[in-house]
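Here's the structure, in structure tokens; my notes come after.
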Amino acid sequence: MEKILEVKNIEKYYGNKSNLTKAIDNISFDVNSGEFVGIMGASGSGKTTLLNCIATIDKVTSGHIFVGNKDITKLRGNSLNKFRREELRIYFSRF
Ligand SMILES: Nc1ncnc2c1ncn2[C@@H]1O[C@H](COP(=O)(O)OP(=O)(O)OP(=O)(O)O)[C@@H](O)[C@H]1O
Ligand SMILES: [Mg+2]
């Protein structure tokens, strides 16, 4: 099956040394074409932060997020705009 998303060892920290929040502390997973993935966790466990990093709304502190072969954590400027415009889609739904 084709791997369409690879989240690799990402960390996202907010704040500074004296007041550090480890919102994401080293997570990795793959999503294959055709899969539906749900994210579950307690309030404050980092679900929204993870999605913000995948959606390029927020920047990871370290690690990599591959969409196909492209490491989207490295995109800046025009290439980031192009990715957002042509490849990234966010669908809002209600169950
Ligand atoms: N912009 C921010 N600045 C500082 N800390 C933040 C920021 N966004 C999130 N956090 C902190 O990061 C941690 C993860 O928050 P996040 O909102 O990702 O959790 P969540 O799993 O989506 O929670 P909920 O289920 O309540 O929506 C929390 O400790 C939160 O306070
Ligand atoms: Mg949330």
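Ordering of the structure tokens sets the chain letters (A, B, ...), residue numbers begin anew at 1 in every chain, and ligands are numbered from 1 in the order given.
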Sel. of alpha helix (DSSP H) residues, segment 41-87 of chain A, as an MDAnalysis selection string:
chainID A and resid 47:54 77:86
Could you tell me, counting only C-alpha atoms and all ligand atoms, which protein and nucleic acid residues lie no more than 10 Å from ligand 2, written as a count of residues only?
12
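If only C-alpha atoms are the atoms counted, then among A:Ile4, A:Glu35, A:Glu86, A:Ser28 the closest residue to Asn69 of chain A is A:Ile4.
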Spatial neighbours of Leu5 of chain A, 7 Å, only C-alpha atoms, chain gap at least 3 places, as a PyMOL selection string
chain A and resi 30-32+66-68
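Here the question is which of A:Lys59, A:Arg76, A:Lys82, A:Lys3 gets nearest to ligand 1 using only C-alpha atoms and all ligand atoms, and that residue is A:Lys59.
Considering only C-alpha atoms, the residue among A:Thr61, A:Gly34, A:Leu88, A:Asp71 positioned nearest to Gly15 of chain A is A:Thr61.
Checking A:Ser93, A:Thr21, A:Ser33, A:Asn26 one by one against His64 of chain A, counting only C-alpha atoms, you find the shortest gap at A:Asn26.
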Report the residues of segment 1-94 of chain A whose backbone DSSP state falls under strand (DSSP E or B), written as a ChimeraX atom specification.
/A:3-16,19-32,62-67,70-71
All residues 8 Å or closer to segment 53-57 of chain A, only C-alpha atoms, same chain fewer than 5 positions away omitted, as a VMD selection string:
chain A and resid 65 72 to 73 84 88 90
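Of note, atom CA of Ala23 of chain A and atom CA of Lys8 of chain A are spaced 15.5 Å apart.
Shortest separation to ligand 1 among A:Tyr13, A:Met1, A:Leu75, A:Val37 occurs at residue A:Tyr13, atoms counted being only C-alpha atoms and all ligand atoms.
When atom 23 (O, counted along the ligand's line) of ligand 1 is paired with atom CA of Ile39 of chain A, their separation reads 10.9 Å.
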Straight-line distance linking atom CA of Arg85 of chain A with atom CA of Asp58 of chain A, stated in Å to one decimal:
16.5 Å
Surrounding residues of Ile27 of chain A excluding itself and chain neighbours under 4 positions, 8 Å, only C-alpha atoms, as a PyMOL selection string
chain A and resi 7-11
